[in-house]
Amino acid sequence: MRTVTSLLPVLVFNAVFNVRFAFAEDPLEKRAQVEQFAADVAAELSRLCPPAQPGDQAAFDRCRHALFEDSMLKRSLSPYVLWGRVKDRDLSAPIKETNLTQFAPDVLTGMYVSLFMFNGKHEVEYRVEEGLFRVRLETAFRNRLAPGQFPYPFWHEESKWSTYQGANSILLWVDPKTVKVKIAQFTDRGPNKPIVSSEWVRAPKFDGKWMWTDADGHEQPQATLFDGLFRPNNPYIGKLDTAYRDFALKLRDGQCLDCHVPNNPEKMKKLVLLQSPAHAAGEITRVMEAVRKDKMPLDQTGIEAPLDEPVKRALLEQGAAFEALVKAAKAWEKDGGKSMGSGQGALAKP
């Protein structure tokens, strides 16, 4: 009897474990769904962003507007998605050890993925160590566009610019539970050659400015001013620029722009960019929440350091004005201007 009693806990444990295992979802059961998703996205990208000359502005404009407006890829991204290079150009590098940048879906598709061209060729594999499917898309980079068409000077770091120029693969990491893209990366270490050959561009020396004024007096990068993303007749574009300038002054007062810039001085694993209107527009709701809850900024040790009350109040006030205009501009784009008469559109009616 003593022997039987001693076996009962083991039997009960095994029974519970087996029941849980039986009802646990096997990620590989989603393989067919992920493969169909990958085929659909690859086909869409090859249609909207096909191979072209790397400096073809018209091809780039068609691609970015289509991806930004309403694309399957945009709809298939998580509410926020991480983007960046493969660590040390090593395709086996763990994602958790890789510094990545957080973007809203429209920012990633309209300003980053659109810088690449696609031919529809792809492959899918499940990576056990990440618990994610990896979709690899053959690609090439539009390295011969004007400097203002890039969301910031990629050449601030020579190795980054080199990887962009030589990119031959985009990696989409897909969550098997949701079949949504959580992470996207680019690399020049894929097995294929870039799908379009291009002469290497020697970039100018970076002068430390993320935004600048060109010789004709135009603010750059043009891509970050919503140019080519929102329609030219969107009545909120000019107001967004002014509101961002006011907001940016408060960001500087709060030392936010000491950290939230592309060179990532604090080496954050998940970087949020705020140095331009379009980048800030993608993150404004999350930034406002973080400021309200005193989650930012951080001190030199990485500990939350609440802002002084006057600075916080001013930042929230200007941030709220910018956020309202962002929502109004997007609503106008979505319904073709019908929102001008009421609701969010009325907040900034010209």
# chains A, B, ... in the order shown; residues from 1 in each chain; ligands from 1
>>> residues_around(residues="segment 120-129 of chain A", least_positions_apart="5", cutoff="10 Å", atoms="only C-alpha atoms", output="JSON, numbers by chain")
{"A": [27, 28, 31, 34, 35, 38, 39, 40, 41, 42, 43, 44, 45, 46, 47, 49, 50, 92, 94, 95, 134, 135, 136, 137, 138, 139, 169, 170, 171, 172, 173, 174, 176, 195]}
>>> residues_around(residues="segment 185-192 of chain A", least_positions_apart="3", cutoff="6 Å", atoms="only C-alpha atoms", output="CSV table (one decimal) with N, CA and C atoms, in the first residue's frame")
chain,number,residue,atom,x,y,z
A,83,TRP,N,12.5,47.1,-35.5
A,83,TRP,CA,13.2,47.1,-36.8
A,83,TRP,C,14.7,47.3,-36.6
A,84,GLY,N,15.6,46.7,-37.4
A,84,GLY,CA,17.0,47.0,-37.3
A,84,GLY,C,17.8,46.0,-38.1
A,85,ARG,N,19.1,46.2,-38.0
A,85,ARG,CA,20.1,45.2,-38.6
A,85,ARG,C,20.1,43.9,-37.8
A,86,VAL,N,20.6,42.9,-38.5
A,86,VAL,CA,20.9,41.7,-37.8
A,86,VAL,C,22.2,41.9,-37.1
A,163,THR,N,25.6,48.2,-44.6
A,163,THR,CA,24.6,47.1,-44.5
A,163,THR,C,23.3,47.4,-45.3
A,166,GLY,N,24.2,47.2,-49.1
A,166,GLY,CA,24.4,45.8,-49.6
A,166,GLY,C,23.2,44.8,-49.2
A,167,ALA,N,22.2,45.4,-48.7
A,167,ALA,CA,21.1,44.5,-48.2
A,167,ALA,C,20.6,43.6,-49.3
A,168,ASN,N,20.4,42.3,-49.0
A,168,ASN,CA,19.8,41.4,-50.0
A,168,ASN,C,18.7,40.6,-49.4
A,169,SER,N,18.4,40.8,-48.1
A,169,SER,CA,17.3,40.0,-47.5
A,169,SER,C,16.6,40.9,-46.4
A,170,ILE,N,15.3,40.8,-46.4
A,170,ILE,CA,14.5,41.3,-45.3
A,170,ILE,C,13.9,40.2,-44.5
A,171,LEU,N,14.0,40.2,-43.2
A,171,LEU,CA,13.5,39.1,-42.4
A,171,LEU,C,12.3,39.6,-41.6
>>> closest_residue(among="A:Tyr236, A:Trp212, A:Phe133, A:Phe141", to="Ala331 of chain A", atoms="only C-alpha atoms")
A:Tyr236
>>> residues_around(residues="Pro51 of chain A", least_positions_apart="6", cutoff="12 Å", atoms="only C-alpha atoms", output="ChimeraX atom specification")
/A:45,59-60,63,114-120,138-142,194-198
>>> select_by_dssp(residues="segment 68-258 of chain A", states="strand (DSSP E or B)", output="ChimeraX atom specification")
/A:77-85,100-103,116-127,132-141,169-175,180-187,212-213,219-220,227,230
>>> closest_residue(among="A:Gln53, A:Thr109, A:Thr98, A:Gln222", to="Leu77 of chain A", atoms="only C-alpha atoms")
A:Thr109
>>> select_by_dssp(residues="segment 141-321 of chain A", states="alpha helix (DSSP H)", output="PyMOL selection string")
chain A and resi 158-166+237-253+277-292+309-321
>>> closest_residue(among="A:His279, A:Lys182, A:Lys270, A:Lys293", to="Lys312 of chain A", atoms="only C-alpha atoms")
A:Lys293
>>> atom_distance(atom1="atom CA of Thr213 of chain A", atom2="atom CA of Arg144 of chain A")
19.9 Å
